[in-house]
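Have a look at my_file29.txt; it's compact mmCIF, C-alpha atoms and all ligand atoms:
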```
# COMPACT_ATOMS: atom_id res chain seq x y z
CA MET K 1 256.71 -85.37 -39.25
CA VAL K 2 253.67 -87.60 -39.16
CA ASP K 3 253.91 -91.07 -40.64
CA ALA K 4 252.91 -91.26 -44.28
CA VAL K 5 249.18 -91.56 -44.79
CA ASN K 6 247.88 -93.00 -48.03
CA PRO K 7 245.51 -90.65 -49.83
CA ASP K 8 243.16 -93.60 -50.43
CA GLY K 9 242.65 -93.96 -46.69
CA SER K 10 243.78 -97.58 -46.71
CA ASP K 11 245.79 -97.20 -43.51
CA ILE K 12 243.11 -95.38 -41.55
CA GLU K 13 241.59 -97.36 -38.70
CA SER K 14 237.96 -98.47 -38.74
CA PRO K 15 235.70 -95.79 -37.18
CA ALA K 16 233.36 -96.20 -34.25
CA ASN K 17 230.83 -94.01 -36.00
CA VAL K 18 230.55 -91.90 -39.15
CA ALA K 19 227.80 -89.31 -39.58
CA VAL K 20 226.91 -87.10 -42.54
CA PHE K 21 225.04 -83.79 -42.33
CA ARG K 22 223.43 -81.94 -45.21
CA VAL K 23 223.44 -78.28 -44.18
CA ARG K 24 222.11 -75.08 -45.72
CA VAL K 25 223.76 -71.80 -44.70
CA PRO K 26 222.58 -68.36 -45.90
CA LEU K 27 225.06 -66.42 -48.07
CA LEU K 28 225.65 -62.70 -47.55
CA ARG K 29 224.79 -62.13 -51.21
CA SER K 30 223.87 -64.36 -54.13
CA GLN K 31 226.76 -65.70 -56.23
CA HIS K 32 226.68 -65.99 -60.02
CA SER K 33 229.16 -67.70 -62.35
CA ALA K 34 229.00 -69.16 -65.84
CA HIS K 35 227.26 -72.27 -64.45
CA HIS K 36 225.31 -71.50 -61.32
CA ASP K 37 223.37 -69.00 -59.21
CA LEU K 38 223.59 -69.53 -55.45
CA ILE K 39 221.45 -67.80 -52.85
CA ASP K 40 222.48 -70.06 -50.00
CA ARG K 41 225.24 -72.61 -49.50
CA GLU K 42 224.09 -76.17 -49.25
CA SER K 43 227.01 -78.37 -48.33
CA ILE K 44 227.70 -81.76 -46.76
CA LEU K 45 229.76 -82.35 -43.64
CA VAL K 46 231.22 -85.68 -42.56
CA ARG K 47 232.02 -86.50 -38.95
CA TRP K 48 234.39 -89.40 -38.27
CA GLN K 49 234.64 -90.72 -34.72
CA ARG K 50 237.45 -93.09 -33.81
CA THR K 51 237.22 -95.88 -31.32
CA ASP K 52 239.46 -93.79 -29.01
CA GLY K 53 236.76 -91.08 -29.02
CA HIS K 54 238.60 -88.54 -31.16
CA VAL K 55 236.44 -86.85 -33.78
CA GLY K 56 237.37 -85.38 -37.15
CA TRP K 57 235.47 -83.40 -39.77
CA GLY K 58 235.50 -83.18 -43.56
CA GLU K 59 233.41 -81.21 -46.05
CA CYS K 60 232.00 -82.15 -49.43
CA PRO K 61 231.51 -78.68 -51.00
CA THR K 62 229.70 -79.78 -54.17
CA LEU K 63 227.25 -77.50 -55.98
CA PRO K 64 223.61 -78.13 -56.92
CA THR K 65 224.21 -78.29 -60.68
CA PRO K 66 226.99 -79.78 -62.84
CA GLY K 67 229.31 -77.61 -64.89
CA TYR K 68 231.75 -76.26 -62.37
CA ALA K 69 232.30 -79.89 -61.30
CA THR K 70 230.51 -82.96 -62.56
CA GLU K 71 229.63 -84.23 -59.07
CA THR K 72 226.48 -82.56 -57.73
CA THR K 73 225.38 -82.26 -54.11
CA ALA K 74 222.42 -84.60 -54.68
CA GLU K 75 224.70 -87.26 -56.22
CA ALA K 76 227.29 -86.91 -53.47
CA TRP K 77 224.61 -87.15 -50.78
CA SER K 78 223.08 -90.28 -52.33
CA TRP K 79 226.46 -91.96 -52.47
CA LEU K 80 227.36 -90.96 -48.91
CA ILE K 81 224.13 -92.15 -47.28
CA GLY K 82 224.01 -95.29 -49.45
CA PRO K 83 227.20 -97.08 -50.53
CA ALA K 84 229.59 -95.12 -48.30
CA LEU K 85 227.79 -95.45 -44.96
CA GLY K 86 226.83 -99.01 -45.94
CA SER K 87 230.45 -100.00 -46.50
CA LEU K 88 231.60 -98.24 -43.33
CA SER K 89 228.84 -99.95 -41.32
CA GLU K 90 229.58 -103.41 -42.66
CA THR K 91 233.35 -103.44 -43.07
CA GLY K 92 234.62 -100.22 -41.46
CA SER K 93 236.44 -99.36 -44.67
CA ILE K 94 236.18 -96.39 -47.02
CA PRO K 95 234.81 -97.51 -50.39
CA ASP K 96 236.58 -96.24 -53.50
CA SER K 97 234.57 -94.18 -55.95
CA PRO K 98 236.54 -92.25 -58.58
CA ALA K 99 233.30 -90.59 -59.78
CA ARG K 100 232.69 -89.06 -56.33
CA PRO K 101 235.97 -87.30 -55.45
CA ALA K 102 234.35 -84.63 -53.26
CA ALA K 103 232.28 -87.08 -51.21
CA LEU K 104 235.21 -89.47 -50.92
CA GLY K 105 237.54 -86.61 -50.08
CA ALA K 106 235.24 -85.47 -47.26
CA ILE K 107 235.37 -88.93 -45.67
CA ARG K 108 239.15 -89.18 -46.07
CA ASP K 109 239.69 -85.68 -44.67
CA ALA K 110 237.44 -86.40 -41.68
CA ALA K 111 239.34 -89.62 -40.98
CA LEU K 112 242.67 -87.83 -41.29
CA ASP K 113 241.49 -84.99 -39.04
CA ALA K 114 240.47 -87.50 -36.36
CA ARG K 115 243.77 -89.33 -36.64
CA LEU K 116 245.82 -86.13 -36.35
CA ARG K 117 243.79 -85.08 -33.30
CA SER K 118 244.22 -88.49 -31.74
CA GLU K 119 247.98 -88.22 -32.16
CA SER K 120 248.11 -84.48 -31.25
CA ILE K 121 249.64 -83.63 -34.62
CA SER K 122 249.06 -80.32 -36.40
CA ALA K 123 248.38 -80.30 -40.12
CA ALA K 124 251.31 -77.88 -40.28
CA ALA K 125 253.55 -80.94 -39.85
CA LEU K 126 252.07 -82.39 -43.04
CA PHE K 127 251.80 -79.34 -45.23
CA GLY K 128 253.52 -76.18 -44.05
CA GLU K 129 254.20 -73.78 -41.26
CA ARG K 130 253.00 -70.49 -42.76
CA GLU K 131 250.73 -68.66 -40.32
CA GLN K 132 248.99 -66.60 -42.98
CA VAL K 133 248.51 -66.81 -46.73
CA PRO K 134 247.59 -64.14 -49.33
CA THR K 135 244.14 -64.40 -50.87
CA THR K 136 242.52 -63.71 -54.21
CA ALA K 137 239.02 -62.22 -53.89
CA VAL K 138 236.68 -63.76 -56.46
CA VAL K 139 234.21 -61.31 -58.01
CA ALA K 140 230.94 -62.87 -59.21
CA LEU K 141 229.19 -62.03 -62.48
CA ALA K 142 226.52 -59.86 -60.79
CA GLY K 143 223.98 -60.71 -63.47
CA GLY K 144 226.08 -59.04 -66.16
CA VAL K 145 225.74 -55.54 -64.68
CA ILE K 146 229.24 -54.14 -65.17
CA ASP K 147 228.94 -51.24 -62.74
CA GLU K 148 228.04 -53.72 -60.00
CA VAL K 149 231.05 -55.89 -60.84
CA VAL K 150 233.33 -52.85 -60.70
CA ASP K 151 231.89 -51.67 -57.38
CA ARG K 152 232.26 -55.14 -55.91
CA ALA K 153 235.83 -55.46 -57.23
CA VAL K 154 236.84 -52.13 -55.72
CA ALA K 155 235.33 -53.09 -52.37
CA LEU K 156 237.01 -56.52 -52.33
CA ALA K 157 240.39 -55.14 -53.45
CA ALA K 158 240.71 -53.38 -50.10
CA ASP K 159 241.18 -56.71 -48.32
CA ALA K 160 242.78 -59.02 -50.89
CA SER K 161 246.17 -59.57 -52.52
CA ALA K 162 244.63 -60.20 -55.96
CA LEU K 163 241.25 -60.18 -57.70
CA LYS K 164 239.64 -62.79 -59.93
CA LEU K 165 236.68 -61.89 -62.10
CA LYS K 166 234.15 -64.51 -63.11
CA VAL K 167 233.53 -63.82 -66.80
CA VAL K 168 231.51 -65.06 -69.78
CA PRO K 169 232.60 -64.54 -73.40
CA ASP K 170 230.26 -61.76 -74.52
CA SER K 171 231.13 -59.35 -71.69
CA ALA K 172 234.59 -60.48 -70.52
CA LEU K 173 236.57 -57.78 -72.32
CA GLU K 174 234.33 -54.95 -71.16
CA VAL K 175 234.29 -56.22 -67.57
CA ALA K 176 238.05 -56.77 -67.46
CA ARG K 177 238.87 -53.32 -68.86
CA ALA K 178 236.44 -51.59 -66.50
CA VAL K 179 237.82 -53.35 -63.44
CA LEU K 180 241.48 -52.87 -64.44
CA ASP K 181 240.81 -49.14 -64.83
CA ALA K 182 239.09 -48.94 -61.46
CA VAL K 183 241.24 -50.99 -59.09
CA GLY K 184 244.79 -49.78 -59.64
CA PRO K 185 247.86 -51.98 -59.26
CA ILE K 186 246.35 -55.10 -57.62
CA PRO K 187 246.80 -58.22 -59.83
CA VAL K 188 243.60 -59.14 -61.71
CA ALA K 189 242.87 -62.61 -63.13
CA LEU K 190 239.86 -63.89 -65.08
CA ASP K 191 237.98 -67.15 -64.59
CA ALA K 192 235.80 -68.20 -67.53
CA ASN K 193 234.81 -71.57 -66.07
CA GLY K 194 235.33 -73.14 -69.52
CA SER K 195 232.78 -70.91 -71.25
CA PHE K 196 234.81 -69.92 -74.35
CA ASP K 197 234.34 -71.90 -77.57
CA PRO K 198 237.67 -73.57 -78.50
CA ASP K 199 236.79 -73.59 -82.22
CA PRO K 200 239.50 -71.37 -83.81
CA THR K 201 236.95 -69.93 -86.26
CA ALA K 202 234.46 -68.94 -83.54
CA VAL K 203 233.96 -65.34 -82.45
CA ASP K 204 235.41 -66.33 -79.06
CA ALA K 205 238.88 -66.66 -80.65
CA GLU K 206 238.91 -62.90 -81.31
CA ARG K 207 237.58 -62.20 -77.84
CA LEU K 208 240.38 -64.21 -76.27
CA ALA K 209 242.98 -62.47 -78.44
CA SER K 210 241.75 -59.14 -77.08
CA LEU K 211 241.90 -60.42 -73.50
CA LEU K 212 245.49 -61.60 -73.99
CA ALA K 213 246.47 -57.99 -74.72
CA LEU K 214 245.40 -56.90 -71.23
CA PRO K 215 247.74 -56.84 -68.19
CA LEU K 216 246.11 -59.85 -66.53
CA ALA K 217 247.68 -62.08 -63.87
CA TYR K 218 246.26 -65.17 -65.61
CA ILE K 219 243.20 -66.50 -67.41
CA GLU K 220 241.68 -69.52 -65.70
CA GLN K 221 239.91 -72.29 -67.59
CA PRO K 222 239.09 -70.43 -70.81
CA TYR K 223 238.07 -73.64 -72.57
CA PRO K 224 235.94 -76.56 -71.40
CA PRO K 225 237.81 -79.51 -69.88
CA ARG K 226 237.39 -81.63 -73.01
CA ALA K 227 238.87 -79.04 -75.39
CA PRO K 228 241.98 -80.30 -77.25
CA LEU K 229 245.25 -79.47 -75.48
CA GLU K 230 246.51 -78.09 -78.78
CA ARG K 231 243.92 -75.30 -78.55
CA TRP K 232 245.17 -74.48 -75.07
CA ARG K 233 248.77 -74.51 -76.23
CA SER K 234 248.01 -72.16 -79.14
CA LEU K 235 246.37 -69.74 -76.74
CA ALA K 236 249.21 -70.04 -74.22
CA VAL K 237 251.84 -68.97 -76.78
CA ALA K 238 249.69 -66.22 -78.32
CA GLY K 239 250.32 -63.70 -75.55
CA ASP K 240 252.03 -62.99 -72.26
CA VAL K 241 249.08 -63.87 -70.06
CA PRO K 242 249.57 -67.26 -68.33
CA LEU K 243 246.77 -69.81 -68.54
CA ALA K 244 245.49 -71.74 -65.53
CA VAL K 245 243.61 -75.03 -65.46
CA ASP K 246 240.90 -75.53 -62.90
CA GLU K 247 238.03 -77.79 -64.04
CA SER K 248 240.59 -79.64 -66.22
CA ALA K 249 242.77 -80.46 -63.20
CA THR K 250 241.05 -83.67 -62.15
CA SER K 251 244.03 -85.95 -61.57
CA ILE K 252 247.78 -85.92 -61.19
CA GLY K 253 248.14 -87.42 -64.67
CA GLU K 254 245.95 -84.79 -66.33
CA VAL K 255 247.88 -82.03 -64.60
CA ARG K 256 251.29 -83.39 -65.60
CA THR K 257 250.14 -83.77 -69.21
CA ALA K 258 248.75 -80.24 -69.35
CA LEU K 259 251.94 -78.72 -67.94
CA ARG K 260 254.31 -80.79 -70.10
CA SER K 261 252.38 -79.96 -73.27
CA GLY K 262 252.61 -76.23 -72.61
CA ALA K 263 248.82 -75.93 -72.37
CA CYS K 264 249.10 -74.00 -69.13
CA SER K 265 251.60 -72.95 -66.47
CA ILE K 266 249.27 -72.54 -63.47
CA VAL K 267 247.03 -75.07 -61.73
CA SER K 268 244.11 -74.53 -59.38
CA ILE K 269 244.29 -77.21 -56.69
CA LYS K 270 240.90 -78.10 -55.21
CA PRO K 271 240.95 -80.80 -52.53
CA ALA K 272 237.28 -81.66 -53.16
CA ARG K 273 237.83 -82.31 -56.85
CA LEU K 274 240.96 -84.39 -56.25
CA GLY K 275 239.67 -86.77 -53.56
CA GLY K 276 240.79 -85.00 -50.40
CA VAL K 277 243.56 -82.83 -49.07
CA LEU K 278 246.32 -85.48 -49.19
CA ALA K 279 245.62 -86.30 -52.83
CA ALA K 280 245.49 -82.57 -53.57
CA SER K 281 248.84 -82.07 -51.84
CA ALA K 282 250.38 -84.72 -54.09
CA VAL K 283 249.07 -82.88 -57.16
CA ALA K 284 250.50 -79.59 -55.87
CA ASP K 285 253.91 -81.25 -55.45
CA ALA K 286 253.65 -82.61 -59.01
CA VAL K 287 252.93 -79.14 -60.35
CA VAL K 288 256.15 -77.86 -58.79
CA GLU K 289 258.09 -80.84 -60.17
CA GLU K 290 256.81 -79.97 -63.65
CA GLY K 291 257.93 -76.35 -63.32
CA GLY K 292 254.43 -74.91 -62.88
CA THR K 293 252.89 -72.84 -60.12
CA CYS K 294 249.67 -73.44 -58.25
CA PHE K 295 247.17 -72.08 -55.79
CA VAL K 296 244.41 -73.60 -53.70
CA GLY K 297 241.11 -72.89 -55.43
CA GLY K 298 237.84 -72.27 -53.64
CA MET K 299 234.44 -73.93 -53.87
CA PHE K 300 232.49 -71.69 -51.49
CA GLU K 301 233.41 -74.07 -48.71
CA LEU K 302 232.00 -73.57 -45.24
CA GLY K 303 234.46 -73.36 -42.36
CA VAL K 304 235.19 -77.10 -42.27
CA GLY K 305 236.39 -77.23 -45.88
CA ARG K 306 237.78 -73.70 -45.76
CA SER K 307 240.03 -74.42 -42.79
CA THR K 308 241.19 -77.70 -44.36
CA ALA K 309 241.99 -76.00 -47.68
CA LEU K 310 243.97 -73.31 -45.87
CA ARG K 311 246.17 -75.92 -44.26
CA LEU K 312 247.16 -76.98 -47.77
CA ALA K 313 247.44 -73.36 -48.94
CA ALA K 314 250.14 -72.91 -46.30
CA SER K 315 252.33 -75.48 -48.05
CA GLY K 316 255.45 -74.45 -49.90
CA SER K 317 254.08 -75.88 -53.15
CA CYS K 318 251.15 -73.43 -53.29
CA ARG K 319 252.79 -70.09 -54.01
CA LEU K 320 250.05 -68.02 -55.66
CA PRO K 321 247.31 -66.35 -53.56
CA THR K 322 244.54 -68.78 -52.65
CA ASP K 323 240.91 -68.28 -53.65
CA VAL K 324 239.94 -69.40 -50.15
CA GLY K 325 239.07 -66.16 -48.41
CA PRO K 326 237.86 -65.01 -45.01
CA THR K 327 234.42 -66.14 -43.88
CA ALA K 328 233.11 -62.57 -43.74
CA ARG K 329 233.51 -62.25 -47.50
CA TYR K 330 230.65 -64.71 -48.05
CA LEU K 331 228.75 -65.46 -44.86
CA GLU K 332 227.14 -63.54 -42.02
CA GLU K 333 228.09 -66.44 -39.78
CA ASP K 334 230.04 -69.62 -40.53
CA ILE K 335 229.21 -73.06 -39.22
CA THR K 336 232.64 -73.10 -37.55
CA GLU K 337 234.79 -70.44 -35.99
CA ALA K 338 235.24 -67.82 -38.70
CA VAL K 339 238.28 -67.84 -40.97
CA GLY K 340 239.76 -64.43 -40.21
CA SER K 341 241.30 -61.77 -42.42
CA THR K 342 244.80 -60.55 -41.57
CA GLY K 343 243.73 -57.04 -42.63
CA ASP K 344 246.40 -56.80 -45.32
CA GLY K 345 245.12 -59.09 -48.07
CA GLY K 346 245.56 -62.44 -46.39
CA VAL K 347 243.85 -64.92 -44.09
CA TRP K 348 245.06 -66.63 -40.95
CA VAL K 349 245.81 -70.32 -41.32
CA PRO K 350 244.16 -72.36 -38.54
CA VAL K 351 246.51 -73.57 -35.82
CA GLY K 352 246.52 -76.48 -33.43
CA SER K 353 246.21 -80.21 -33.85
CA GLY K 354 244.05 -81.71 -36.54
CA LEU K 355 243.07 -80.54 -39.98
CA ALA K 356 239.64 -78.90 -39.88
CA SER K 357 237.85 -76.43 -37.64
CA ALA K 358 234.92 -78.26 -36.00
CA PRO K 359 231.34 -77.03 -36.47
CA ASP K 360 229.62 -75.15 -33.68
CA PRO K 361 227.06 -77.69 -32.30
CA GLU K 362 224.17 -75.20 -32.12
CA ARG K 363 224.72 -73.87 -35.65
CA LEU K 364 225.10 -77.41 -36.96
CA ARG K 365 221.71 -78.29 -35.46
CA ARG K 366 220.10 -75.10 -36.79
CA TRP K 367 221.33 -75.51 -40.37
CA THR K 368 221.11 -79.29 -40.80
CA VAL K 369 218.36 -80.24 -43.26
CA ASP K 370 219.13 -83.97 -43.39
CA HIS K 371 221.48 -86.39 -41.69
CA ALA K 372 222.47 -90.05 -41.49
CA ALA K 373 224.98 -92.15 -39.59
CA THR K 374 226.51 -95.59 -39.61
CA ASP K 375 224.79 -96.61 -36.38
CA ARG K 376 221.43 -95.10 -37.41
CA ARG K 377 221.25 -92.93 -34.29
CA ARG K 378 220.84 -89.17 -34.51
CA PRO K 379 224.40 -87.91 -33.99
CA ASP K 380 225.11 -85.35 -31.26
MG MG G 1 237.81 -71.62 -61.42
```
Could you show the structure in this file as structure tokens?
Amino acid sequence: MVDAVNPDGSDIESPANVAVFRVRVPLLRSQHSAHHDLIDRESILVRWQRTDGHVGWGECPTLPTPGYATETTAEAWSWLIGPALGSLSETGSIPDSPARPAALGAIRDAALDARLRSESISAAALFGEREQVPTTAVVALAGGVIDEVVDRAVALAADASALKLKVVPDSALEVARAVLDAVGPIPVALDANGSFDPDPTAVDAERLASLLALPLAYIEQPYPPRAPLERWRSLAVAGDVPLAVDESATSIGEVRTALRSGACSIVSIKPARLGGVLAASAVADAVVEEGGTCFVGGMFELGVGRSTALRLAASGSCRLPTDVGPTARYLEEDITEAVGSTGDGGVWVPVGSGLASAPDPERLRRWTVDHAATDRRRPD
């Protein structure tokens, strides 16, 4: 087992060089949810080089607009090329920034990846030894066209262990019924991304009551993160469908409170929202301690973040199918070696030392739209 590493990065050695890359990668098809429409995936990669020459990678998979997470790509980029690279240049230390968990997490993950490679340690020693993990295929809104959602769900069900439908209040019931009728026995969950009104007198209360009567695996984030826990608890006891927190799961304290209050029983663990994979692992362990279950959620990561998230998904604390799927579900070509499907509803967990799969140099060059580094040279 590797020595303990603090999630705040305080015991990570000063780097020789840190570089950040803003990249834009074409998606196979546009993605729609309650908060965003994506036609390509703009993401940020961090490269950490140690003084011993070993290099590690981390990804900041923020989105262009707030909603899904409060930290946007533009904000994360500004912080990385300003305060973060400034602090690393001047002092060699990682600055703390609770408002920038994804950017901070990318730096921490890159530093950890480099350290594990330097010491020839596999992330499996930190998290888990599973070689493959089951996946949930996430079905986008498809502009509200239900036939398209059903067709997409049927196609994805062939190579997934579960399905998750992105829904909005006015069409959720119709979409859920249509997909449940079409896909057979595969577990189906809903993700509302906080779009239902928690006011008990609102029309959404009736809509949720109807959804709770369906044979769903769980309903994720029905209410916005700031909705009273009492509203969650009332919904949780109103039916047999478990509730999951996603956007609400921003810290270990929030997660413990939600589970203890009976507001939910499932937690979506997203390394980028929690400040990196080590911090996320601690939250996953806390979920188990509180009697809940969890899964590693997805943020349309490219291969760097996807491979890192899968290392955590292999841990014994993350028992439900992960949202992190094979590359081919989203991209013609990934910036790293593709994350591969097992062919029976799962994905292969990366093997070998380190945490993340490294980007292919040629694809990194082709898709980089901006870059910066601590030593102000164009990185390789
Ligand atoms: Mg979600």
For stretch 263-357 of chain K versus stretch 240-245 of chain K, which residues have an atom no more than 12 Å away, and what is each residue's nearest atom pair and distance in Å rounded to one decimal, using only C-alpha atoms, chain-then-number order, as JSON lines?
```
{"residue": "K:Ala263", "atom": "CA", "partner": "K:Leu243", "partner_atom": "CA", "distance": 7.5}
{"residue": "K:Cys264", "atom": "CA", "partner": "K:Leu243", "partner_atom": "CA", "distance": 4.8}
{"residue": "K:Ser265", "atom": "CA", "partner": "K:Leu243", "partner_atom": "CA", "distance": 6.1}
{"residue": "K:Ile266", "atom": "CA", "partner": "K:Ala244", "partner_atom": "CA", "distance": 4.4}
{"residue": "K:Val267", "atom": "CA", "partner": "K:Val245", "partner_atom": "CA", "distance": 5.1}
{"residue": "K:Ser268", "atom": "CA", "partner": "K:Val245", "partner_atom": "CA", "distance": 6.1}
{"residue": "K:Ile269", "atom": "CA", "partner": "K:Val245", "partner_atom": "CA", "distance": 9.1}
{"residue": "K:Lys270", "atom": "CA", "partner": "K:Val245", "partner_atom": "CA", "distance": 11.0}
{"residue": "K:Val287", "atom": "CA", "partner": "K:Val245", "partner_atom": "CA", "distance": 11.4}
{"residue": "K:Gly292", "atom": "CA", "partner": "K:Ala244", "partner_atom": "CA", "distance": 9.8}
{"residue": "K:Thr293", "atom": "CA", "partner": "K:Ala244", "partner_atom": "CA", "distance": 9.2}
{"residue": "K:Cys294", "atom": "CA", "partner": "K:Ala244", "partner_atom": "CA", "distance": 8.6}
{"residue": "K:Phe295", "atom": "CA", "partner": "K:Ala244", "partner_atom": "CA", "distance": 9.9}
{"residue": "K:Val296", "atom": "CA", "partner": "K:Val245", "partner_atom": "CA", "distance": 11.9}
{"residue": "K:Gly297", "atom": "CA", "partner": "K:Val245", "partner_atom": "CA", "distance": 10.6}
{"residue": "K:Leu320", "atom": "CA", "partner": "K:Ala244", "partner_atom": "CA", "distance": 11.5}
```
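Across the structure, atom CA of K:Ser122 and atom CA of K:Thr135 are spaced 22.1 Å apart.
Taking only C-alpha atoms and all ligand atoms into account, ligand MG 1 (chain G) lies nearest to K:Thr322 out of the set K:Thr322, K:Asn17, K:Thr72, K:Thr257.
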Proximity check chain K to ligand MG 1 (chain G), 6 Å, nearest pairs one decimal Å, all atoms listed in the file, as a Markdown table:
```
| residue | atom | partner | partner_atom | distance |
| --- | --- | --- | --- | --- |
| K:Asp191 | CA | G:MG1 | MG | 5.5 |
| K:Asn193 | CA | G:MG1 | MG | 5.5 |
| K:Asp246 | CA | G:MG1 | MG | 5.2 |
```
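The nearest approach to K:Asp170 among the residues K:Ser195, K:Ser234, K:Thr308, K:Thr201, with only C-alpha atoms taken into account, belongs to K:Ser195.
When atom CA of K:Ala205 is paired with atom CA of K:Ser248, their separation reads 19.5 Å.
For the choices K:Asp113, K:Asp375, K:Glu174, K:Asp323, the atom-to-atom distance to K:Gly58 is smallest for K:Asp113 when using only C-alpha atoms.
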Stretch 193-278 of chain K residues near stretch 301-305 of chain K within 12 Å, closest pair each, using all atoms listed in the file, as JSON lines:
```
{"residue": "K:Lys270", "atom": "CA", "partner": "K:Gly305", "partner_atom": "CA", "distance": 10.4}
{"residue": "K:Pro271", "atom": "CA", "partner": "K:Gly305", "partner_atom": "CA", "distance": 8.8}
{"residue": "K:Ala272", "atom": "CA", "partner": "K:Gly305", "partner_atom": "CA", "distance": 8.6}
{"residue": "K:Gly276", "atom": "CA", "partner": "K:Gly305", "partner_atom": "CA", "distance": 10.0}
{"residue": "K:Val277", "atom": "CA", "partner": "K:Gly305", "partner_atom": "CA", "distance": 9.6}
```
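Considering the residues K:Leu27, K:Ala373, K:Leu163, K:Ala124 and counting all atoms listed in the file, K:Ala189 has its shortest atom-to-atom contact with K:Leu163.
We find atom CA of K:Val25 and atom CA of K:Glu337 to be spaced 14.1 Å apart.
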